[in-house]
Amino acid sequence: MRHQKYIFLTFLLGLFLMSACSDNFLETEPLDEFADGAVWGDENLSEAFINNIYQRLDQTFTQGRLKAMIVDEAHYRGNTASLQFNRSQLTADGIPSWGNNQSFSSWNDLYKSIRFANMFLENADRIPAEEQVLNRMKGEALFLRAYLYHLLMRQYGGVPLVSRVFELVDDFNVPRSSLEETVNFIVADLDQAVTLLPTSYTGNDIGRATKGAALALKSRVLVRAASDLYNTPIFSNYSNPELIAYVGGSRTVRWQAAKDAAKAVMDLGQYGLYKADPAPGEDIAENFNQLFISKNNEEDIFLRYFTLRDNVQIGLVTGPNGWHNWGTNAPVGDLVDDYAMADGSRFDWNNPSHAAKPYENREPRFYATILYEGAKWRPRPEYLRAEEPEGVIQVGKWEIWDETTNSIQIKHGLDTRQSPIENWNGSYTGYYARKFVDPQHDHQYIRQDVPYRFIRYTEIVLNYVEACIELGEYEEARLHLNSIRRRAGLPPVTESGETLRDLYRLERRIELALEDHRIWDVRRWAIGPEAYDKSVTRAEVVYKLLPDKTTDSIPTITHVPLESHEWIDKAYFFPILRDELNRNELLIQNPDY
Amino acid sequence: MEKYLHKHVWHMGRYFCATMMAICLSTGLPLASHGAANGTSTGESKGLSAVDVTVSGTVTDVSGQPLPGVTVSLPGTNIGTATDLDGKYTLNVPEGSTLVFSFIGFVSQNIAVDARSVIDVVLSEDMTSLEEVVVVGYGEQKKATITGSISSVSGEKLAAVPSINYSNTLSGRIPGLTAVTRTGEPGGDAATLRIRGANTLGNNSPLIVVDGIANRGLDRLNPTDIESITVLKDASAAIYGAQAANGVILITTKRGNIGAPEVTAEFNQGWAMPTMLPKMADARTYATMLNEISHYNGQPAIYSAEEIQQFGDGSDIWRYPNTDWFEETLKPSTQQRTGNLSVKGGSDNMNYFVSVGGNFQDGIYINSATNYSQANFRANLDGKISENIKLSFDVAGRQENRNYPTRSASSIFSFLMRGKPTLHAYWPNGMNGPDIEYGDNPVVITTDQTGYDKDKIFDLNSRMNLDVTLPWVKGLSITGNIAVDKTFQNNKLWQTPWYLYTWDGVTYNDNDEPHLVRGQRGYSDPRLRQAGTDTQRITLNGLINYSRSIADLHNISLLVGSERISGESMNYGGFRRYFISTAVDQLFAGGELEQSTFGSANKNARLNYFGRANYDFLGKYLFEFVFRYDGSYIFPAEGRYGFFPGVSAGWVMSEENFLKDRVSWINFLKVRGSWGQTGNDRIEPFQYLTSYGFGSTNYVFNEDWEDKTLSELRIANPNITWEIANQSNIGLDGQLFGGKFTFAADYFYNLRTNILCQRSASVPYTSGLTLPRENIGEVVNQGIELELGYQNTACALSYSVSVNGGYQNNKIKFWDETPGAPEWQRSTGSPMNTSLVYKAIGVFKDQAAVDAYPHWVGARPGDVIFEDINKDGEIDGLDRIRTQKTDLPTFQGGLNIDLRYKNFYSNIFLQGAMGAQRNMYYEFQGEGGNFRVSDAEGRWTEENPSATKPRAWNRYSEYWRNYTNTYWLEDSDYLRFKNLVVGYNFAHPMLGDAKVNVYFSGMNLFTWSTIEDHDPESTSNTAYPLNKVYNLGVVLTF
């Protein structure tokens, strides 16, 4: 029984010890997170914080759905939401096709990103980094904040300007600023960023915002600010016109500012048109392809790189179903019609030789941007190579005479919506997009690593041309417009005035096709009816049965209506969603919502 | 005996036999031994004054089975004995005595000896014996003197239910416990358990305590190891403090008792099939609907009338199939098996319960890559070190193997629903048919052609318990527990390319057969992801118990204790692709390019002090107080500890003179009430710290340099604390008519305060804030529970019938609301987790109907009509209403009937639930997939304009597909024949002491429901269906 006492005492001691070590027993720390002090006390973590804002700027390539589908450039196979958008069915309860397909571009996400930029700016002085590095990072944060506000401005006009980090006890309700204040705010951030950012980087910093990027963004914003949407009366009954337009000041001054901003980028001498002077016989279309496929070129002002490991879906989403891709971002016939002939003349269906072979003799950018019946793409998936060894697009149908039944059998191309391969992923338009899609990958399996180009130099040159035209400086405008045409293998323009403006706008549509510019350009130019009030078209491609019961080797191609779009002026601006209006009584809705 | 055993075991299948042999060999079981456990006579006293007579006899139950161990005693004396294994007893008693025959679980009988020398007694079972002891927090209590709302069910009751997952046996068994099974996938079919419904906007899952150790799992316990399950529903749970707000489920496993080894061998074999599968449209209907969609879009028809006619008519089987994808992919039934062997017994110094077992559950797919199997063991040992010191050691281990294909069940069932009847599953020559996309042909992706996803979990629970009775203070004892629980998990995902065949519909090969082209799908190259997790939890506790009865009037018992729980977990893994061959599926064999590794860890700690005091006067007036002072790592240092009290009282009215002996039909009547506070710390830890974490994606610089991204994870709330459950309960328990009729009724009122929610609803997004959760929400949940039972014996048929039901309804009392939202959309005052939906009130018959009522922009005939709730003449977000139902039923109940006739017995169990609703919306219908028959039949067409169902649609193209509305919401009330057990106990002299029990049992045999196509318990339309199981079992005891 001596044991018994011993056990008992040990027991009591154990209980006592158990409670006694309580003081630090409960002190645990998260093992997979970083504390506030750790982040702002560490240069590398602070930099990683900025990287996250870059990461949140845009998901266009990652998700693969281009805004081209919600303007007269392309068509979304999974139709609905984009069709609603194309019919101006935006309401305070929802902006169709915007939410899920455009991550980080919604009001909510943009303001969250802005908070991150503000957090960095407020904490910057805690970061133990050399002044040069710190200034660079501050410049990046200012650039990023300006970029985010420019996205908000093109959707909403004047928006609440939040430049501080809210604490939990603050009053969160901020009213909208006027359009003018919003533009000035963005420009002020950019002007400051220009003084802080380097002109270029070395090593693993390549890809961060540069002085040139800040100047280029300023050009984009100022051209926008001078455009018709904000300087002509559109919503005459709207009670708060200052939220969506300039209500004073000189438009000429604004155009001059836009011109100067573009010029500032051009004067850097750092950027140039890619392969600006093609030699006779040079494959201009291939040059134009490389402009988008290459990792780096002299046009790059601000871009985002990807590796194969990033889940970049643009190739998978865009490619034809006959390659097990998803047939999205499919160009519509209207865009195809706007590509000139190789000699610079307009394409015309009423011209019999044009109509007979519509895909021949078009300007080089057509071949670099669009996949059409018979266009050479990449080798088919291995198992289809016996059937289609050339790797060409098949969006047509063959009428074949069946002698056993004495009837016509229809064979549908592999990339149609009647294809034996994932037919429901086939394009409705008879076209597929080629721009940005890297032909060297089998996209059903492998993601591509083509960079996303936020701002390329040609855009700045076009901005400059636009400002010159609006200022009446036609000579200067033609000089630079023709440099872009020369690169595209097209003859120079000689026109002036309205005609020159129209030619410029067409040139911009073609040069920047599918690059998420058109949707914003038609808004700032206030040409909604022109871009939307119409039926977009698709190509009908038939290899007809000839009288001798053989099948024609040349297809008959026509453009027929695909679906009708509709324009309502309210769609110049996005609605602020009802939920947000309910939260903040200071907010004023955009007109007609 | 041995011969007999072997003969029978041999037929139980190799799987089980091997298990049995292993345990027999390793434990050296004396299989043939059946040592005589004679009743221990305690009172063969000498020197009795009166004249003694010798009485003997046999005690049996109503079926005639002898009952061993029945106490036969003479009240007021120390004369007594117990029946032996054959139910026989012999006792010397004074003449004219009255003997009491009592046995736990049976109604006691008082019998006057008179002049008889042989008295045979038949005892009937008492399911709710007052002597019954119920497991409560950190101890046991007599059911009669319990003051809290506590329900329990014996393990035996549930052991015959053929469910591989234990949580699926609980539904409808215990009033107030809701168990909803969402999916029947082997290995993933755990029920969602809720005690008294949902009480908080956060985590509503109850605390599971197995053998006194918190946070152990319930799902994969071996049913035959379980002695009892107790549910603490009210403030009696306060002894579990900050983890107990959602109630506590206490599970106790079996232990040995003094006696010869009792060996139980059990095997059952089940056949499972889905309870319900959606009926999908045939090829002709589908093709017709696609044509309708094209027509509505102004596109030409896809199929000609002639082609539609050809689908399935056999005229051209290559071009025009009519495929039933469910039939092509699923077996009519699949198998499951369970085998168990347990031994229990003990001597004065050592008691033991040892079991080994295993089960296997196959998937429902033909050539299934899906299956679940487990092997488990348990050893519960109790030893006596000295008269005052007892040492127990429990160890239980379990290996769970989950095998799946590389596509998830929801993806498989999604593609089954989508499966176009106009496509081939297999071509007429037997080759794999085509896919809709991703290579996901269901007949292929359910097999191992795509690689595998194997998950192995090894779970080890151990506990050492020391129990010391202090000899120098009567009634004082000290108990200590050390429990170490470990879990290892290894997951291996091996993905390989697979092959499908396509035909262009035109090309023929040299034999004039369609030319099929074989194409690679799924993955471009083989790849392997392997991950391991190692989790450990250590629980230490010490308890001091004191119980004392003063002058047989005042009964006092006290308990104080302290407990410390610490846990840690870590995981790591790697990924490689570009394997040049599928021959070796190990990481080393993969390519170098794009390989990656990952890993993480976490820690937790809890420390607390608790106690309970019980006082009763004459077993008539009952009082209880429990408390816990709880500290948790989850909260900031300043507010880390919380105090959680609970008080309850009871009044046993039947002990009062005005009832006792006067109202003879009332045997027992107790009123009880309780109030208390518990906490809910089931929240994300460290919310008091501002923190940052790496994003899942990197940002690339310099072409290919992947740089980390760091994001704000959390804005701190330095004042964060646990939610508080204020629980009030009143209840009534009774037994009437000699114990034949029993009832229990409860009403509860739970007010959950300090609920963590984000104030986001009132904060504009322009702030950019993701607000931290704050303790601001309040939810009221109230309800009633009722349990009625009746048992009797007529002729040789003994039967018992019981019903139980629980109804509860919660309402949000306060939380953050968006300031500008209209009154009818506010969630305050509505149940939790409701949503805003448009109200569907029919289908537009024609253009005139569209023009006559406010409608969505672009609405056309055949579209669903949304009601203009605010009557402003247009349909917009303001017309949404708040649903009042969620996917959790508000009422759940069961009807249980037990029958016993001679050697036959049967259990019939019906279970039902009401008050939930289900969303029938499934996205991929139209061009991307098939329609249900119920969607197709009676739909609006130009020929059928008076339809109540809308026109054919394409995915979410229509506004009534795109915006949540009541058309797709359906009530999912149901009643189901949940269990049926029919069994026979063989008893024959040839069997000796051995007992053989053979039974049939079934689960989910019939379901009557207000919804069709999907099981009413499931919430996803692409969930693996719930199982209906037919099962045969045999239990051998000797």
# chains A, B, ... in the order shown; residues from 1 in each chain; ligands from 1
$ closest_atom_pairs --of "chain B" --to "chain A" --cutoff "7 Å" --atoms "only C-alpha atoms" --output "tab-separated table"
residue	atom	partner	partner_atom	distance
B:Ile436	CA	A:Glu422	CA	5.6
B:Glu437	CA	A:Glu422	CA	5.9
B:Thr502	CA	A:Pro420	CA	6.7
B:Trp503	CA	A:Pro420	CA	6.3
B:Asp504	CA	A:Pro420	CA	5.2
B:Val506	CA	A:Lys411	CA	6.6
B:Val517	CA	A:Tyr383	CA	6.1
B:Arg518	CA	A:Tyr383	CA	5.9
B:Gly519	CA	A:Tyr383	CA	5.0
B:Tyr523	CA	A:Tyr445	CA	6.0
B:Ser524	CA	A:Tyr445	CA	5.3
B:Gly542	CA	A:Leu15	CA	6.1
B:Glu594	CA	A:Arg309	CA	6.5
B:Ser600	CA	A:Asp32	CA	6.3
B:Ala601	CA	A:Leu31	CA	5.9
B:Asn602	CA	A:Leu31	CA	5.5
B:Lys603	CA	A:Thr28	CA	6.8
B:Asn604	CA	A:Thr28	CA	6.7
B:Ala605	CA	A:Leu26	CA	5.4
B:Arg606	CA	A:Leu26	CA	6.4
B:Ser632	CA	A:Leu26	CA	6.5
B:Tyr633	CA	A:Leu26	CA	5.0
B:Thr690	CA	A:Asp36	CA	5.9
B:Ser691	CA	A:Ala35	CA	4.7
B:Tyr692	CA	A:Phe34	CA	4.9
B:Gly693	CA	A:Glu33	CA	5.0
B:Tyr699	CA	A:Gln55	CA	6.0
B:Val700	CA	A:Tyr305	CA	5.3
B:Phe701	CA	A:Gly207	CA	5.2
B:Asn702	CA	A:Ile206	CA	4.7
B:Glu703	CA	A:Tyr305	CA	5.6
B:Asp704	CA	A:Thr307	CA	5.8
B:Trp705	CA	A:Asn204	CA	6.3
B:Lys708	CA	A:Ala48	CA	5.5
B:Thr709	CA	A:Ala48	CA	4.6
B:Leu710	CA	A:Phe49	CA	4.4
B:Ser711	CA	A:Phe49	CA	6.0
B:Ser762	CA	A:Arg583	CA	5.1
B:Val763	CA	A:Arg583	CA	5.9
B:Pro764	CA	A:Arg583	CA	5.3
B:Tyr765	CA	A:Asn108	CA	5.3
B:Thr766	CA	A:Tyr111	CA	5.3
B:Ser767	CA	A:Phe172	CA	5.9
B:Gly768	CA	A:Lys112	CA	3.9
B:Leu769	CA	A:Lys112	CA	6.7
B:Thr818	CA	A:Arg583	CA	5.6
B:Pro819	CA	A:Arg583	CA	5.8
B:Gly820	CA	A:Asn582	CA	4.0
B:Ala821	CA	A:Asn582	CA	6.0
B:Asp876	CA	A:Asp93	CA	6.9
B:Gly877	CA	A:Asp93	CA	5.5
B:Glu927	CA	A:Trp424	CA	6.1
B:Gly928	CA	A:Trp424	CA	6.5
B:Ser957	CA	A:Thr80	CA	4.6
$ residues_around --residues "Thr62 in chain A" --least-positions-apart "4" --cutoff "10 Å" --atoms "only C-alpha atoms" --output "PDB file with all heavy atoms, in the first residue's frame"
ATOM      1  N   ASP A  58      -5.788  43.236 -63.254  1.00  0.00           N
ATOM      2  CA  ASP A  58      -6.502  42.735 -64.414  1.00  0.00           C
ATOM      3  C   ASP A  58      -6.402  41.218 -64.499  1.00  0.00           C
ATOM      4  O   ASP A  58      -5.383  40.647 -64.211  1.00  0.00           O
ATOM      5  CB  ASP A  58      -5.886  43.329 -65.684  1.00  0.00           C
ATOM      6  CG  ASP A  58      -6.816  43.164 -66.856  1.00  0.00           C
ATOM      7  OD1 ASP A  58      -6.878  42.055 -67.391  1.00  0.00           O
ATOM      8  OD2 ASP A  58      -7.483  44.137 -67.207  1.00  0.00           O
ATOM      9  N   SER A 103     -13.104  39.666 -62.992  1.00  0.00           N
ATOM     10  CA  SER A 103     -12.620  39.764 -61.622  1.00  0.00           C
ATOM     11  C   SER A 103     -11.732  40.971 -61.442  1.00  0.00           C
ATOM     12  O   SER A 103     -10.945  41.308 -62.328  1.00  0.00           O
ATOM     13  CB  SER A 103     -11.791  38.540 -61.253  1.00  0.00           C
ATOM     14  OG  SER A 103     -12.613  37.434 -61.165  1.00  0.00           O
ATOM     15  N   PHE A 306       3.557  36.292 -67.689  1.00  0.00           N
ATOM     16  CA  PHE A 306       3.032  35.049 -67.115  1.00  0.00           C
ATOM     17  C   PHE A 306       4.035  33.939 -67.357  1.00  0.00           C
ATOM     18  O   PHE A 306       4.854  34.027 -68.278  1.00  0.00           O
ATOM     19  CB  PHE A 306       1.711  34.656 -67.783  1.00  0.00           C
ATOM     20  CG  PHE A 306       0.587  35.606 -67.505  1.00  0.00           C
ATOM     21  CD1 PHE A 306       0.201  36.548 -68.447  1.00  0.00           C
ATOM     22  CD2 PHE A 306      -0.089  35.566 -66.295  1.00  0.00           C
ATOM     23  CE1 PHE A 306      -0.834  37.429 -68.186  1.00  0.00           C
ATOM     24  CE2 PHE A 306      -1.132  36.449 -66.034  1.00  0.00           C
ATOM     25  CZ  PHE A 306      -1.497  37.382 -66.977  1.00  0.00           C
ATOM     26  N   ASP A 310       1.228  29.747 -64.409  1.00  0.00           N
ATOM     27  CA  ASP A 310       0.036  30.561 -64.152  1.00  0.00           C
ATOM     28  C   ASP A 310      -1.087  29.986 -64.987  1.00  0.00           C
ATOM     29  O   ASP A 310      -0.885  29.544 -66.103  1.00  0.00           O
ATOM     30  CB  ASP A 310       0.274  32.013 -64.566  1.00  0.00           C
ATOM     31  CG  ASP A 310       1.257  32.701 -63.641  1.00  0.00           C
ATOM     32  OD1 ASP A 310       1.079  32.595 -62.425  1.00  0.00           O
ATOM     33  OD2 ASP A 310       2.213  33.321 -64.140  1.00  0.00           O
ATOM     34  N   ASN A 311      -2.270  30.027 -64.446  1.00  0.00           N
ATOM     35  CA  ASN A 311      -3.369  29.400 -65.166  1.00  0.00           C
ATOM     36  C   ASN A 311      -3.975  30.380 -66.169  1.00  0.00           C
ATOM     37  O   ASN A 311      -5.099  30.812 -66.032  1.00  0.00           O
ATOM     38  CB  ASN A 311      -4.406  28.912 -64.152  1.00  0.00           C
ATOM     39  CG  ASN A 311      -5.413  28.001 -64.792  1.00  0.00           C
ATOM     40  OD1 ASN A 311      -5.154  27.407 -65.837  1.00  0.00           O
ATOM     41  ND2 ASN A 311      -6.569  27.904 -64.178  1.00  0.00           N
ATOM     42  N   VAL A 312      -3.196  30.733 -67.186  1.00  0.00           N
ATOM     43  CA  VAL A 312      -3.649  31.709 -68.169  1.00  0.00           C
ATOM     44  C   VAL A 312      -4.506  31.005 -69.209  1.00  0.00           C
ATOM     45  O   VAL A 312      -4.026  30.181 -69.967  1.00  0.00           O
ATOM     46  CB  VAL A 312      -2.446  32.382 -68.855  1.00  0.00           C
ATOM     47  CG1 VAL A 312      -2.919  33.293 -69.967  1.00  0.00           C
ATOM     48  CG2 VAL A 312      -1.656  33.155 -67.829  1.00  0.00           C
ATOM     49  N   GLN A 313      -5.781  31.337 -69.254  1.00  0.00           N
ATOM     50  CA  GLN A 313      -6.717  30.552 -70.052  1.00  0.00           C
ATOM     51  C   GLN A 313      -6.995  31.123 -71.425  1.00  0.00           C
ATOM     52  O   GLN A 313      -7.752  30.525 -72.187  1.00  0.00           O
ATOM     53  CB  GLN A 313      -8.042  30.420 -69.301  1.00  0.00           C
ATOM     54  CG  GLN A 313      -7.902  29.735 -67.955  1.00  0.00           C
ATOM     55  CD  GLN A 313      -9.149  28.943 -67.617  1.00  0.00           C
ATOM     56  OE1 GLN A 313      -9.486  27.991 -68.303  1.00  0.00           O
ATOM     57  NE2 GLN A 313      -9.825  29.347 -66.566  1.00  0.00           N
ATOM     58  N   ILE A 314      -6.433  32.287 -71.754  1.00  0.00           N
ATOM     59  CA  ILE A 314      -6.840  32.961 -72.992  1.00  0.00           C
ATOM     60  C   ILE A 314      -6.782  32.041 -74.210  1.00  0.00           C
ATOM     61  O   ILE A 314      -7.694  32.030 -75.035  1.00  0.00           O
ATOM     62  CB  ILE A 314      -6.010  34.262 -73.207  1.00  0.00           C
ATOM     63  CG1 ILE A 314      -6.434  34.992 -74.475  1.00  0.00           C
ATOM     64  CG2 ILE A 314      -4.518  33.996 -73.248  1.00  0.00           C
ATOM     65  CD1 ILE A 314      -7.713  35.726 -74.361  1.00  0.00           C
ATOM     66  N   GLY A 315      -5.744  31.222 -74.307  1.00  0.00           N
ATOM     67  CA  GLY A 315      -5.619  30.329 -75.457  1.00  0.00           C
ATOM     68  C   GLY A 315      -6.705  29.271 -75.476  1.00  0.00           C
ATOM     69  O   GLY A 315      -7.344  29.029 -76.509  1.00  0.00           O
ATOM     70  N   VAL A 317      -9.638  29.346 -73.942  1.00  0.00           N
ATOM     71  CA  VAL A 317     -10.967  29.932 -74.049  1.00  0.00           C
ATOM     72  C   VAL A 317     -11.238  30.413 -75.479  1.00  0.00           C
ATOM     73  O   VAL A 317     -12.349  30.322 -75.979  1.00  0.00           O
ATOM     74  CB  VAL A 317     -11.093  31.085 -73.026  1.00  0.00           C
ATOM     75  CG1 VAL A 317     -12.297  31.945 -73.317  1.00  0.00           C
ATOM     76  CG2 VAL A 317     -11.147  30.542 -71.614  1.00  0.00           C
ATOM     77  N   ARG A 447      -1.143  25.843 -70.772  1.00  0.00           N
ATOM     78  CA  ARG A 447      -1.459  27.261 -70.738  1.00  0.00           C
ATOM     79  C   ARG A 447      -0.324  28.031 -71.400  1.00  0.00           C
ATOM     80  O   ARG A 447       0.817  27.603 -71.369  1.00  0.00           O
ATOM     81  CB  ARG A 447      -1.635  27.720 -69.302  1.00  0.00           C
ATOM     82  CG  ARG A 447      -2.692  26.943 -68.545  1.00  0.00           C
ATOM     83  CD  ARG A 447      -4.074  27.188 -69.133  1.00  0.00           C
ATOM     84  NE  ARG A 447      -5.056  26.303 -68.523  1.00  0.00           N
ATOM     85  CZ  ARG A 447      -5.620  25.268 -69.160  1.00  0.00           C
ATOM     86  NH1 ARG A 447      -5.311  24.997 -70.403  1.00  0.00           N
ATOM     87  NH2 ARG A 447      -6.509  24.517 -68.552  1.00  0.00           N
ATOM     88  N   GLN A 448      -0.637  29.170 -71.969  1.00  0.00           N
ATOM     89  CA  GLN A 448       0.417  29.926 -72.640  1.00  0.00           C
ATOM     90  C   GLN A 448       0.996  30.977 -71.701  1.00  0.00           C
ATOM     91  O   GLN A 448       0.428  31.297 -70.664  1.00  0.00           O
ATOM     92  CB  GLN A 448      -0.120  30.566 -73.914  1.00  0.00           C
ATOM     93  CG  GLN A 448      -1.165  31.640 -73.668  1.00  0.00           C
ATOM     94  CD  GLN A 448      -1.605  32.289 -74.970  1.00  0.00           C
ATOM     95  OE1 GLN A 448      -1.681  31.628 -75.995  1.00  0.00           O
ATOM     96  NE2 GLN A 448      -1.894  33.569 -74.910  1.00  0.00           N
ATOM     97  N   TYR A 452       0.397  40.036 -70.939  1.00  0.00           N
ATOM     98  CA  TYR A 452      -0.741  40.906 -71.190  1.00  0.00           C
ATOM     99  C   TYR A 452      -0.225  42.330 -71.235  1.00  0.00           C
ATOM    100  O   TYR A 452       0.418  42.806 -70.309  1.00  0.00           O
ATOM    101  CB  TYR A 452      -1.785  40.763 -70.090  1.00  0.00           C
ATOM    102  CG  TYR A 452      -2.978  41.680 -70.301  1.00  0.00           C
ATOM    103  CD1 TYR A 452      -3.907  41.391 -71.301  1.00  0.00           C
ATOM    104  CD2 TYR A 452      -3.160  42.818 -69.524  1.00  0.00           C
ATOM    105  CE1 TYR A 452      -4.995  42.223 -71.523  1.00  0.00           C
ATOM    106  CE2 TYR A 452      -4.254  43.652 -69.739  1.00  0.00           C
ATOM    107  CZ  TYR A 452      -5.165  43.349 -70.746  1.00  0.00           C
ATOM    108  OH  TYR A 452      -6.232  44.170 -70.954  1.00  0.00           O
TER     109      TYR A 452
END
$ select_by_dssp --residues "range 235-434 of chain A" --states "helix (DSSP H, G or I)" --output "count of residues only"
60
$ select_by_dssp --residues "range 493-586 of chain A" --states "strand (DSSP E or B)" --output "list in words"
Ser535, Val536, Thr537, Arg538, Ala539, Glu540, Val541, Val542, Tyr543, Leu545, Thr551, Thr556, Ile557, Thr558, His559, Val560, Pro561, Leu562, Glu563 and Ser564 of chain A
$ residues_around --residues "Leu607 in chain B" --least-positions-apart "2" --cutoff "6 Å" --atoms "only C-alpha atoms" --output "NGL selection string"
:B and (563-564 or 631)
$ write_last_selection --atoms "N, CA, C and O atoms" --output "short mmCIF file (atom, residue, chain, number, x, y, z; two decimals), in the first residue's frame"
data_model
loop_
_atom_site.label_atom_id
_atom_site.label_comp_id
_atom_site.auth_asym_id
_atom_site.auth_seq_id
_atom_site.Cartn_x
_atom_site.Cartn_y
_atom_site.Cartn_z
N GLU B 563 -8.77 20.93 -17.07
CA GLU B 563 -8.46 20.24 -18.32
C GLU B 563 -7.59 21.12 -19.20
O GLU B 563 -7.75 22.32 -19.24
N ARG B 564 -6.70 20.48 -19.89
CA ARG B 564 -5.78 21.20 -20.76
C ARG B 564 -5.71 20.44 -22.08
O ARG B 564 -5.46 19.25 -22.11
N GLY B 631 -10.44 28.92 -21.00
CA GLY B 631 -9.46 29.77 -21.68
C GLY B 631 -9.11 29.18 -23.02
O GLY B 631 -8.90 27.99 -23.13
#
$ residues_around --residues "Gly197 in chain B" --least-positions-apart "5" --cutoff "9 Å" --atoms "only C-alpha atoms" --output "PyMOL selection string"
chain B and resi 176-178+204+246+781+807-810+888-891
$ write_last_selection --atoms "N, CA, C and O atoms" --output "short mmCIF file (atom, residue, chain, number, x, y, z; two decimals), in the first residue's frame"
data_model
loop_
_atom_site.label_atom_id
_atom_site.label_comp_id
_atom_site.auth_asym_id
_atom_site.auth_seq_id
_atom_site.Cartn_x
_atom_site.Cartn_y
_atom_site.Cartn_z
N GLY B 176 -34.66 16.42 -31.05
CA GLY B 176 -33.81 17.60 -30.98
C GLY B 176 -32.51 17.45 -31.72
O GLY B 176 -31.81 18.42 -31.94
N LEU B 177 -32.17 16.23 -32.11
CA LEU B 177 -30.95 16.03 -32.89
C LEU B 177 -31.33 15.86 -34.36
O LEU B 177 -32.03 14.93 -34.72
N THR B 178 -30.89 16.80 -35.17
CA THR B 178 -31.17 16.74 -36.60
C THR B 178 -29.94 16.18 -37.30
O THR B 178 -28.84 16.67 -37.08
N ASN B 204 -22.40 25.90 -36.55
CA ASN B 204 -23.47 25.32 -35.75
C ASN B 204 -23.22 23.88 -35.35
O ASN B 204 -24.13 23.20 -34.89
N ASN B 246 -23.38 24.74 -29.16
CA ASN B 246 -24.23 24.04 -30.12
C ASN B 246 -24.61 22.65 -29.61
O ASN B 246 -25.02 21.80 -30.38
N ASN B 781 -33.72 31.21 -30.92
CA ASN B 781 -34.14 29.92 -31.45
C ASN B 781 -34.98 29.24 -30.39
O ASN B 781 -34.54 29.09 -29.26
N TYR B 807 -39.25 20.36 -33.00
CA TYR B 807 -39.52 21.49 -33.88
C TYR B 807 -38.74 22.68 -33.36
O TYR B 807 -38.70 22.92 -32.14
N GLN B 808 -38.06 23.36 -34.24
CA GLN B 808 -37.37 24.57 -33.77
C GLN B 808 -37.39 25.62 -34.86
O GLN B 808 -37.47 25.31 -36.04
N ASN B 809 -37.39 26.84 -34.45
CA ASN B 809 -37.50 27.94 -35.39
C ASN B 809 -36.60 29.06 -34.93
O ASN B 809 -36.70 29.50 -33.78
N ASN B 810 -35.71 29.50 -35.79
CA ASN B 810 -34.84 30.58 -35.35
C ASN B 810 -35.18 31.88 -36.07
O ASN B 810 -35.74 31.87 -37.17
N LEU B 888 -32.26 23.52 -44.12
CA LEU B 888 -32.29 22.72 -42.89
C LEU B 888 -33.74 22.60 -42.43
O LEU B 888 -34.42 23.61 -42.27
N PRO B 889 -34.23 21.37 -42.21
CA PRO B 889 -35.62 21.23 -41.78
C PRO B 889 -35.85 21.84 -40.40
O PRO B 889 -34.95 21.87 -39.56
N THR B 890 -37.08 22.32 -40.17
CA THR B 890 -37.40 22.85 -38.85
C THR B 890 -38.07 21.79 -37.99
O THR B 890 -38.16 21.93 -36.78
N PHE B 891 -38.58 20.76 -38.63
CA PHE B 891 -39.18 19.68 -37.85
C PHE B 891 -38.55 18.37 -38.29
O PHE B 891 -38.40 18.10 -39.47
#
$ residues_around --residues "Leu66 in chain A" --least-positions-apart "3" --cutoff "8 Å" --atoms "only C-alpha atoms" --output "VMD selection string"
chain A and resid 60 69 329 514 to 516
